[in-house]
Amino acid sequence: MAKPCGESRREHLLKIGVSGVRGVVGDFLTPAIATAFAQAFGTYVGGGPVVLGRDTRASGAMLVHAVTGGLLASGCEVVQVGVLPTPTIQVYVSATGARGGLAITASHNPPEYNALKLFNVRGLFFNGYERAELVDLYHQRAFRESVNAEMRGIVDASHLAPRIHLDRVLGLVDVPRIRTRRMRVALDAVNGAASVMSCTFLRDDLGCELHAIAVDPSRPFPRDPEPRADTLTDLARLVVETGADIGFGQDPDGDRLAIVDETGRVLDNDDVLAMVVDSALPRLHGDVVVNLTTSSAIDDIARAQGRRVHRTPVGEANVVEMMEAVGAAIGGEGSNGGVICRQVHLCRDSFAAMALVLDRVAATGLPVSQLAAKLPRYVRRQGKVPFEHGRLGRLVQQLVEALPEAEADTSDGLKLSLPGGWIHVRASNTEPVLRIAAEAPDRDVADELYEKALALASLEQP
Amino acid sequence: MTRALRISQVGVRGVVGPGLTATHVVEFVAAFVAFLREPGVVVVARDPRASGLMIREVTVAALLASGRDVVDLGIAPTPVLQHTITRLRAAGGISIGASHNAPEWNALKFFGGRGRYLSTAEANELLDFYHLGRSCYVGHEALGTLTSDAGAIDAYLDQLAAAFDFDALRRLTVVVDCCNGTSALVLGRLGQRHGFRPVLINERLEGVAFAHEPSTTARTVALQLAPVVVPLGAAAGFLFDADSDRVAIADNRGRALSEELVLPLVADYSLPREQGRTVITNLSTTALVDDVVRAHGGRVMRVPVGRQAAADALASLPPETVALAGEGTGAVMMPRFNFAYDGIASMLAVLSLIVEGGRTLADMVDAYPRYVMLKGEVPLAASRMPAVLARLRERFVTGRGGGVATIVDGLRVDWPDRWFHVRVSQTEPIVRVISEQRGEAPEALHASLLEEVRRG
């Protein structure tokens with residue numbers, strides 16, 4: 001509290017802004033902030049039922065009380081669904097006519113963090129305008145203050161929500177075909193909110209032979225909660241030891257998915273998205289939406305099935321907004337392992353991704369490694385450099401001047417597209433860094449593009 | 001000035017919404033934990049007001065975030081909360097409820113270890129902590145956990161069963177107006193567990209629309225309780241406020257007794273069996289207390305109005321010397337059980353007195369010396385109060401008035417057969433004017449007091 005302001009300057013210990021509230025629980029993300037923000041939310045949605053769920057991190061139970069208090073104070077009825085994946089909460093909001101919803105989860109962030117994810121009446125992330133209005137309400141403290149006679153209660157709906165979500169997911173795929181294969185599946189749910197539901201889903205609904213680790217929601221995260229190659233070594237080993245056909249790694253709130261092939265190799269997230277899109281497009285109508293930094297592999301796959309790819313700035317909300325605008329079938333962000341399937345719900349959903357990949361395996365009879373090998377191949381170079389305010393503009397200018405023949409997109413940092421590859425430079429929303437990515441069909445071009453961007457960015461170092 | 005919020009030594013109290021908000025609650029509870037030095041759990045209970053759920057959620061969040069384990073009793077009487085604090089050796093507790101106030105009000109009352117009320121010094125420190133924005137939030141690995149305690153009421157009743165003869169009390173027909181409050185839970189359980197079954201009216205817990213104002217006064221007793229006593233053939237009727245720390249009484253003839261009679265009746269029961277001789281009461285309470293206590297060889301200690309002053313007095317005396325502490329509002333504490341104002345224990349004491357004395361309640365009351373008390377109130381003009389008090393003192397003490405003045409809480413003036421007390425309420429923007437006389441109503445005195453106060 002009484003720490004010098006410099007200490008927390010670049011650490012993002014607390015962030016209240018258009019993406020909601022996120023911070024380290026304790027002196028930074030306090031119950032006072034959570035209660036007030038929830039009351040602002042309840043004021044914004046105008047009372048009525050609001051769905052509230054959480055992931056498994058230790059601070060979730062405390063924050064449920066703080067948020068429930070804020071919602072009740074604004075005259076909302078609080079529909080508690082307990083520990084559930086974020087997509088399940090979103091589906092439940094959309095299915096029940098609630099006025100909105102909140103998920104208490106810091107997604108893939110470390111366990112000391114927590115955050116509030118905010119959903120509108122349709123169970124979608126608030127759009128940018130809505131979020132700005134809500135944050136203004138919070139700062140103005142212009143809360144609806146209900147009197148005793150307007151106070152509503154708390155409803156427990158934890159047993160109702162999972163089935164609604166899972167039934168929608170099962171509607172995407174050929175369930176009997178998957179069940180017939182009796183695939184051997186390994187799972188690492190990071191002891192997160194998807195732990196129980198993923199077991200039910202894979203074992204009971206899809207008839208898989210399940211080998212699961214980290215599926216106890218009462219225990220802490222056993223690994224870094226972001227599912228990546230370097231954090232999923234236990235899952236990779238489990239796949240090999242059990243001779244599994246595939247391994248699934250989830251994040252604490254069940255929206256992201258990583259995949260391990262039958263050899264124990266963790267697939268690139270862009271490959272996961274490409275595989276899922278390839279599996280989904282034949283049975284769904286509509287285009288594909290991905291962010292600017294997603295691999296060009298997706299363009300090849302969409303083109304092969306006669307669909308368009310629409311690009312957006314990085315961020316789930318941006319992808320969802322574009323999917324709505326163009327009526328897209330499927331979308332996602334290659335960089336973070338999120339797949340959004342409109343028929344289930346316009347949200348990142350590890351369950352939809354698992355179902356579509358298993359469907360692909362069942363349909364082709366091919367091992368996951370071979371399915372991945374058949375995907376269009378691009379070479380990706382990416383990295384990050386420390387970010388200083390005011391540097392991005394000059395860097396963008398210099399890059400545009402250095403590659404005058406490229407097509408420039410400045411909707412999120414700078415993306416320069418050339419016939420033989422692309423560069424994307426952007427400021428991270430969550431860390432004080434510039435992210436640099438370059439991609440091309442062959443290594444020399446990718447290296448050249450990346451080194452060029454990195455050199456310019458590094459020149460700018462003070 | 002309309003007062004919808006009062007943050008003071010007594011705690012936090014207000015009309016939920018326009019006055020008392022979730023933000024006040026979370027900040028005050030955070031300050032309370034920073035103030036609590038003793039380690040240990042914190043016990044929470046609430047009355048049935050609808051806003052209590054909101055306040056409970058925010059209170060629990062602030063406690064857990066401050067690293068305290070929480071035992072939530074749900075809807076439960078304040079005396080049960082205080083008993084549970086002692087039983088669990090908890091660090092303290094928080095009672096959420098506005099006791100005798102209208103439904104739109106709510107409040108937080110804070111208790112230390114052994115369920116005791118905070119002293120004035122402690123309450124001041126807590127208030128300072130609140131204004132300083134103190135908190136002691138902990139990281140995610142040290143957060144508290146929440147549990148409930150379904151056995152709290154039973155454990156409380158067991159303690160009462162050890163002190164009162166329920167076998168004897170079972171023979172009495174008793175009717176109780178629960179005012180839709182927490183007493184219904186204890187009295188329902190009393191029947192199941194100890195076979196003593198008072199007839200209950202307004203026993204449904206109600207969050208919004210109480211059957212009537214839940215205040216313990218002769219006026220509210222007369223509304224629904226007193227009229228049913230005679231038809232039921234009851235030995236007495238009792239009325240509890242929402243959190244059961246106060247009681248008011250109807251006698252066997254269906255008369256709504258003055259709330260001032262509760263303390264003398266409990267004193268008549270307690271003093272013969274207590275080692276302690278001192279009864280602590282406030283300056284506004286009936287002189288009948290002095291007569292009854294003196295008859296038992298005890299002494300009365302008069303303190304300023306408010307729980308705070310009584311708590312300070314209690315803390316200043318060796319515990320074994322205190323027989324009772326109580327107010328003319330129907331709130332009586334028997335330190336032998338708990339340092340808690342306890343309407344239910346008070347009811348059991350009065351019933352035991354009936355059983356043991358072999359007389360009806362009406363006969364007992366009629367045998368007391370007759371005092372008539374007049375109570376009035378005048379809107380507060382805060383800036384004029386010192387002048388008003390000085391004028392009253394001049395008129396009734398220093399001049400030909402010849403009374404004896406006590407000035408620790410407004411002005412009280414005593415004569416051998418009558419007294420008055422003029423003071424500013426701690427909870428409402430009014431001046432309370434109380435006068436009492438042996439034998440008949442002090443009409444002329446009261447009228448001149450009201451006139452002086454209204455003149456400002």
# chains A, B, ... in the order shown; residues from 1 in each chain; ligands from 1

call {"tool": "select_by_dssp", "arguments": {"residues": "segment 65-183 of chain A", "states": "strand (DSSP E)", "output": "PyMOL selection string"}}
result
chain A and resi 76-83+100-104+113-119+154-156

call {"tool": "residues_around", "arguments": {"residues": "Ser107 of chain A", "least_positions_apart": "6", "cutoff": "7 Å", "atoms": "only C-alpha atoms", "output": "list in words"}}
result
Asp251, Pro252 and Asp253 of chain A

call {"tool": "select_by_dssp", "arguments": {"residues": "segment 236-377 of chain A", "states": "alpha helix (DSSP H)", "output": "PyMOL selection string"}}
result
chain A and resi 236-242+269-280+297-304+316-326+350-364+368-373

call {"tool": "atom_distance", "arguments": {"atom1": "atom CA of Ala405 of chain B", "atom2": "atom CA of His446 of chain B"}}
result
16.7 Å

call {"tool": "residues_around", "arguments": {"residues": "Leu263 of chain B", "least_positions_apart": "5", "cutoff": "8 Å", "atoms": "only C-alpha atoms", "output": "number ranges by chain"}}
result
B: 289, 326-328, 330-332

call {"tool": "write_last_selection", "arguments": {"atoms": "N, CA and C atoms", "output": "short mmCIF file (atom, residue, chain, number, x, y, z; two decimals), in the first residue's frame"}}
result
data_model
loop_
_atom_site.label_atom_id
_atom_site.label_comp_id
_atom_site.auth_asym_id
_atom_site.auth_seq_id
_atom_site.Cartn_x
_atom_site.Cartn_y
_atom_site.Cartn_z
N VAL B 289 -35.74 0.67 39.51
CA VAL B 289 -34.54 -0.18 39.61
C VAL B 289 -33.85 0.03 40.96
N GLY B 326 -28.17 -3.25 32.44
CA GLY B 326 -29.40 -3.19 31.64
C GLY B 326 -29.85 -1.79 31.39
N GLU B 327 -30.83 -1.69 30.48
CA GLU B 327 -31.38 -0.40 30.07
C GLU B 327 -32.89 -0.46 30.21
N GLY B 328 -33.49 0.71 30.19
CA GLY B 328 -34.94 0.77 30.18
C GLY B 328 -35.56 0.39 28.86
N GLY B 330 -35.38 -2.58 27.59
CA GLY B 330 -35.63 -4.01 27.56
C GLY B 330 -34.40 -4.83 27.25
N ALA B 331 -33.23 -4.19 27.28
CA ALA B 331 -31.98 -4.91 27.05
C ALA B 331 -31.30 -5.15 28.39
N VAL B 332 -31.14 -6.42 28.75
CA VAL B 332 -30.55 -6.76 30.04
C VAL B 332 -29.47 -7.82 29.83
#

call {"tool": "residues_around", "arguments": {"residues": "Leu411 of chain B", "least_positions_apart": "4", "cutoff": "9 Å", "atoms": "only C-alpha atoms", "output": "PyMOL selection string"}}
result
chain B and resi 389-390+392-393+405-407+420-423

call {"tool": "write_last_selection", "arguments": {"atoms": "N, CA, C and O atoms", "output": "CSV table (one decimal), in the first residue's frame"}}
result
chain,number,residue,atom,x,y,z
B,389,LEU,N,-29.1,23.4,27.8
B,389,LEU,CA,-28.8,22.6,29.0
B,389,LEU,C,-28.4,23.6,30.1
B,389,LEU,O,-28.8,23.4,31.3
B,390,ALA,N,-27.7,24.7,29.8
B,390,ALA,CA,-27.4,25.7,30.8
B,390,ALA,C,-28.6,26.3,31.4
B,390,ALA,O,-28.7,26.5,32.6
B,392,LEU,N,-31.6,25.0,31.6
B,392,LEU,CA,-32.3,24.0,32.4
B,392,LEU,C,-31.7,23.9,33.8
B,392,LEU,O,-32.3,23.7,34.8
B,393,ARG,N,-30.3,23.9,33.7
B,393,ARG,CA,-29.6,23.8,35.0
B,393,ARG,C,-29.9,24.9,35.9
B,393,ARG,O,-30.1,24.8,37.1
B,405,ALA,N,-27.8,17.7,40.2
B,405,ALA,CA,-27.5,17.6,38.7
B,405,ALA,C,-26.4,16.5,38.5
B,405,ALA,O,-25.5,16.3,39.2
B,406,THR,N,-26.6,15.8,37.4
B,406,THR,CA,-25.6,14.9,36.8
B,406,THR,C,-25.4,15.3,35.4
B,406,THR,O,-26.4,15.4,34.6
B,407,ILE,N,-24.1,15.6,35.0
B,407,ILE,CA,-23.9,16.2,33.7
B,407,ILE,C,-23.0,15.3,32.8
B,407,ILE,O,-22.5,15.8,31.8
B,420,PHE,N,-35.6,14.1,36.1
B,420,PHE,CA,-35.7,14.2,34.6
B,420,PHE,C,-34.3,14.0,34.0
B,420,PHE,O,-33.3,14.2,34.6
B,421,HIS,N,-34.3,13.7,32.7
B,421,HIS,CA,-33.1,13.5,31.9
B,421,HIS,C,-33.3,14.1,30.5
B,421,HIS,O,-34.3,13.7,29.8
B,422,VAL,N,-32.5,15.1,30.1
B,422,VAL,CA,-32.5,15.7,28.8
B,422,VAL,C,-31.2,15.4,28.1
B,422,VAL,O,-30.2,15.8,28.6
B,423,ARG,N,-31.3,14.7,27.0
B,423,ARG,CA,-30.0,14.3,26.3
B,423,ARG,C,-30.2,14.2,24.8
B,423,ARG,O,-31.4,14.1,24.3

call {"tool": "interface_residues", "arguments": {"of": "chain A", "to": "chain B", "cutoff": "10 Å", "atoms": "only C-alpha atoms", "output": "PyMOL selection string"}}
result
chain A and resi 1+24-36+39+57-75+111-114+143-154+220

call {"tool": "atom_distance", "arguments": {"atom1": "atom CA of Thr321 of chain B", "atom2": "atom CA of Ala340 of chain B"}}
result
16.5 Å

call {"tool": "residues_around", "arguments": {"residues": "Thr293 of chain A", "least_positions_apart": "6", "cutoff": "9 Å", "atoms": "only C-alpha atoms", "output": "CSV table (one decimal) with all heavy atoms, in the first residue's frame"}}
result
chain,number,residue,atom,x,y,z
A,311,ARG,N,-9.1,-10.6,-40.8
A,311,ARG,CA,-8.1,-10.4,-39.8
A,311,ARG,C,-8.5,-9.3,-38.9
A,311,ARG,O,-9.1,-8.3,-39.3
A,311,ARG,CB,-6.8,-10.0,-40.5
A,311,ARG,CG,-6.2,-11.1,-41.4
A,311,ARG,CD,-5.3,-12.0,-40.6
A,311,ARG,NE,-4.8,-13.1,-41.4
A,311,ARG,CZ,-3.9,-14.0,-41.0
A,311,ARG,NH1,-3.5,-14.0,-39.7
A,311,ARG,NH2,-3.5,-15.0,-41.7
A,312,THR,N,-8.2,-9.4,-37.6
A,312,THR,CA,-8.5,-8.4,-36.6
A,312,THR,C,-7.3,-8.1,-35.7
A,312,THR,O,-6.4,-8.9,-35.7
A,312,THR,CB,-9.7,-8.9,-35.7
A,312,THR,OG1,-9.1,-9.9,-34.8
A,312,THR,CG2,-10.8,-9.5,-36.4
A,313,PRO,N,-7.4,-7.0,-35.0
A,313,PRO,CA,-6.4,-6.8,-33.9
A,313,PRO,C,-6.4,-8.0,-32.9
A,313,PRO,O,-7.4,-8.7,-32.8
A,313,PRO,CB,-6.8,-5.5,-33.2
A,313,PRO,CG,-7.6,-4.8,-34.2
A,313,PRO,CD,-8.3,-5.9,-35.0
A,314,VAL,N,-5.3,-8.1,-32.2
A,314,VAL,CA,-5.1,-9.2,-31.2
A,314,VAL,C,-6.2,-9.0,-30.1
A,314,VAL,O,-6.4,-7.9,-29.7
A,314,VAL,CB,-3.7,-9.3,-30.7
A,314,VAL,CG1,-3.6,-10.3,-29.5
A,314,VAL,CG2,-2.7,-9.7,-31.8
A,333,GLU,N,-7.3,-17.4,-32.3
A,333,GLU,CA,-6.1,-16.6,-32.3
A,333,GLU,C,-5.0,-17.7,-32.2
A,333,GLU,O,-4.9,-18.4,-31.2
A,333,GLU,CB,-6.0,-15.7,-31.1
A,333,GLU,CG,-7.1,-14.6,-31.1
A,333,GLU,CD,-6.9,-13.6,-30.0
A,333,GLU,OE1,-7.4,-13.9,-28.9
A,333,GLU,OE2,-6.3,-12.6,-30.3
A,334,GLY,N,-4.2,-17.9,-33.3
A,334,GLY,CA,-3.2,-18.9,-33.3
A,334,GLY,C,-2.2,-18.8,-32.2
A,334,GLY,O,-1.8,-19.8,-31.6
A,335,SER,N,-2.0,-17.6,-31.8
A,335,SER,CA,-0.9,-17.4,-30.8
A,335,SER,C,-1.2,-18.0,-29.4
A,335,SER,O,-0.3,-18.3,-28.7
A,335,SER,CB,-0.6,-15.9,-30.6
A,335,SER,OG,-1.9,-15.2,-30.3
A,415,LYS,N,1.3,-4.3,-39.3
A,415,LYS,CA,1.6,-5.6,-40.0
A,415,LYS,C,1.9,-5.2,-41.4
A,415,LYS,O,1.1,-4.5,-42.1
A,415,LYS,CB,0.3,-6.5,-39.9
A,415,LYS,CG,0.6,-7.8,-40.6
A,415,LYS,CD,-0.5,-8.9,-40.4
A,415,LYS,CE,-0.1,-10.2,-41.1
A,415,LYS,NZ,-1.1,-11.2,-41.0
A,423,ILE,N,5.5,-9.2,-41.5
A,423,ILE,CA,6.1,-8.8,-40.2
A,423,ILE,C,4.9,-8.2,-39.4
A,423,ILE,O,4.1,-7.5,-40.0
A,423,ILE,CB,7.2,-7.7,-40.4
A,423,ILE,CG1,8.3,-8.3,-41.2
A,423,ILE,CG2,7.6,-7.2,-39.0
A,423,ILE,CD1,9.4,-7.2,-41.5
A,424,HIS,N,4.9,-8.5,-38.1
A,424,HIS,CA,3.9,-7.9,-37.3
A,424,HIS,C,4.6,-7.4,-36.0
A,424,HIS,O,5.2,-8.2,-35.3
A,424,HIS,CB,2.7,-8.9,-36.9
A,424,HIS,CG,1.6,-8.2,-36.2
A,424,HIS,ND1,0.7,-8.9,-35.4
A,424,HIS,CD2,1.2,-6.9,-36.1
A,424,HIS,CE1,-0.2,-8.1,-34.9
A,424,HIS,NE2,0.1,-6.8,-35.3
A,437,ALA,N,6.8,-10.5,-34.7
A,437,ALA,CA,6.6,-11.8,-35.3
A,437,ALA,C,6.9,-11.6,-36.8
A,437,ALA,O,6.5,-10.6,-37.4
A,437,ALA,CB,5.2,-12.3,-35.1
A,438,ALA,N,7.5,-12.6,-37.4
A,438,ALA,CA,7.6,-12.6,-38.9
A,438,ALA,C,7.4,-14.1,-39.4
A,438,ALA,O,7.7,-15.0,-38.7
A,438,ALA,CB,9.1,-12.2,-39.3

call {"tool": "residues_around", "arguments": {"residues": "segment 259-269 of chain A", "least_positions_apart": "2", "cutoff": "7 Å", "atoms": "only C-alpha atoms", "output": "PyMOL selection string"}}
result
chain A and resi 229+236-237+239-240+244-249+257+271-273+334-337+367-369

call {"tool": "write_last_selection", "arguments": {"atoms": "N, CA and C atoms", "output": "PDB file, in the first residue's frame"}}
result
ATOM      1  N   ALA A 229       4.479 -25.750 -24.772  1.00  0.00           N
ATOM      2  CA  ALA A 229       5.376 -26.897 -24.889  1.00  0.00           C
ATOM      3  C   ALA A 229       6.211 -27.080 -23.619  1.00  0.00           C
ATOM      4  N   ALA A 236       3.056 -34.628 -21.880  1.00  0.00           N
ATOM      5  CA  ALA A 236       3.752 -35.286 -22.987  1.00  0.00           C
ATOM      6  C   ALA A 236       4.242 -36.668 -22.553  1.00  0.00           C
ATOM      7  N   ARG A 237       4.788 -36.736 -21.336  1.00  0.00           N
ATOM      8  CA  ARG A 237       5.258 -38.023 -20.824  1.00  0.00           C
ATOM      9  C   ARG A 237       4.086 -39.004 -20.653  1.00  0.00           C
ATOM     10  N   VAL A 239       1.340 -39.086 -22.325  1.00  0.00           N
ATOM     11  CA  VAL A 239       0.914 -39.562 -23.646  1.00  0.00           C
ATOM     12  C   VAL A 239       1.773 -40.747 -24.080  1.00  0.00           C
ATOM     13  N   VAL A 240       3.080 -40.569 -23.901  1.00  0.00           N
ATOM     14  CA  VAL A 240       3.999 -41.622 -24.348  1.00  0.00           C
ATOM     15  C   VAL A 240       3.827 -42.879 -23.491  1.00  0.00           C
ATOM     16  N   ALA A 244      -1.123 -42.980 -25.618  1.00  0.00           N
ATOM     17  CA  ALA A 244      -2.356 -42.274 -25.971  1.00  0.00           C
ATOM     18  C   ALA A 244      -2.325 -41.819 -27.427  1.00  0.00           C
ATOM     19  N   ASP A 245      -3.531 -41.700 -28.009  1.00  0.00           N
ATOM     20  CA  ASP A 245      -3.655 -41.181 -29.370  1.00  0.00           C
ATOM     21  C   ASP A 245      -3.407 -39.679 -29.397  1.00  0.00           C
ATOM     22  N   ILE A 246      -3.730 -39.021 -28.274  1.00  0.00           N
ATOM     23  CA  ILE A 246      -3.651 -37.566 -28.240  1.00  0.00           C
ATOM     24  C   ILE A 246      -3.634 -37.110 -26.782  1.00  0.00           C
ATOM     25  N   GLY A 247      -3.038 -35.946 -26.545  1.00  0.00           N
ATOM     26  CA  GLY A 247      -3.082 -35.359 -25.210  1.00  0.00           C
ATOM     27  C   GLY A 247      -3.648 -33.947 -25.267  1.00  0.00           C
ATOM     28  N   PHE A 248      -4.484 -33.603 -24.268  1.00  0.00           N
ATOM     29  CA  PHE A 248      -5.071 -32.254 -24.204  1.00  0.00           C
ATOM     30  C   PHE A 248      -4.565 -31.537 -22.958  1.00  0.00           C
ATOM     31  N   GLY A 249      -4.103 -30.298 -23.149  1.00  0.00           N
ATOM     32  CA  GLY A 249      -3.688 -29.466 -22.017  1.00  0.00           C
ATOM     33  C   GLY A 249      -4.543 -28.211 -21.964  1.00  0.00           C
ATOM     34  N   LEU A 257      -6.674 -24.337 -25.327  1.00  0.00           N
ATOM     35  CA  LEU A 257      -6.328 -25.757 -25.440  1.00  0.00           C
ATOM     36  C   LEU A 257      -4.993 -25.907 -26.141  1.00  0.00           C
ATOM     37  N   ASP A 271      -0.972 -24.534 -35.436  1.00  0.00           N
ATOM     38  CA  ASP A 271      -1.355 -25.812 -36.040  1.00  0.00           C
ATOM     39  C   ASP A 271      -2.649 -26.337 -35.425  1.00  0.00           C
ATOM     40  N   VAL A 272      -2.809 -26.128 -34.112  1.00  0.00           N
ATOM     41  CA  VAL A 272      -4.056 -26.563 -33.458  1.00  0.00           C
ATOM     42  C   VAL A 272      -5.240 -25.838 -34.084  1.00  0.00           C
ATOM     43  N   LEU A 273      -5.103 -24.516 -34.231  1.00  0.00           N
ATOM     44  CA  LEU A 273      -6.192 -23.742 -34.819  1.00  0.00           C
ATOM     45  C   LEU A 273      -6.463 -24.202 -36.253  1.00  0.00           C
ATOM     46  N   GLY A 334      -4.245 -17.853 -33.263  1.00  0.00           N
ATOM     47  CA  GLY A 334      -3.240 -18.902 -33.307  1.00  0.00           C
ATOM     48  C   GLY A 334      -2.249 -18.787 -32.177  1.00  0.00           C
ATOM     49  N   SER A 335      -1.969 -17.560 -31.768  1.00  0.00           N
ATOM     50  CA  SER A 335      -0.895 -17.365 -30.807  1.00  0.00           C
ATOM     51  C   SER A 335      -1.204 -17.974 -29.448  1.00  0.00           C
ATOM     52  N   ASN A 336      -2.481 -18.077 -29.085  1.00  0.00           N
ATOM     53  CA  ASN A 336      -2.756 -18.482 -27.707  1.00  0.00           C
ATOM     54  C   ASN A 336      -3.649 -19.703 -27.562  1.00  0.00           C
ATOM     55  N   GLY A 337      -3.854 -20.419 -28.636  1.00  0.00           N
ATOM     56  CA  GLY A 337      -4.579 -21.671 -28.499  1.00  0.00           C
ATOM     57  C   GLY A 337      -6.049 -21.512 -28.203  1.00  0.00           C
ATOM     58  N   PRO A 367      -2.986 -40.742 -37.354  1.00  0.00           N
ATOM     59  CA  PRO A 367      -2.425 -40.242 -36.105  1.00  0.00           C
ATOM     60  C   PRO A 367      -2.312 -38.714 -36.141  1.00  0.00           C
ATOM     61  N   VAL A 368      -2.333 -38.107 -34.962  1.00  0.00           N
ATOM     62  CA  VAL A 368      -2.327 -36.643 -34.858  1.00  0.00           C
ATOM     63  C   VAL A 368      -1.068 -36.067 -35.502  1.00  0.00           C
ATOM     64  N   SER A 369       0.065 -36.740 -35.347  1.00  0.00           N
ATOM     65  CA  SER A 369       1.313 -36.226 -35.923  1.00  0.00           C
ATOM     66  C   SER A 369       1.201 -36.119 -37.436  1.00  0.00           C
TER      67      SER A 369
END

call {"tool": "residues_around", "arguments": {"residues": "Tyr44 of chain A", "least_positions_apart": "3", "cutoff": "8 Å", "atoms": "only C-alpha atoms", "output": "list in words"}}
result
Ala40, Phe41, Leu134 and Leu137 of chain A

call {"tool": "closest_residue", "arguments": {"among": "B:Pro304, B:Ala381, B:Gly133, B:Asn101", "to": "His212 of chain B", "atoms": "only C-alpha atoms"}}
result
B:Asn101

call {"tool": "atom_distance", "arguments": {"atom1": "atom CA of Val78 of chain A", "atom2": "atom CA of Val50 of chain A"}}
result
5.2 Å
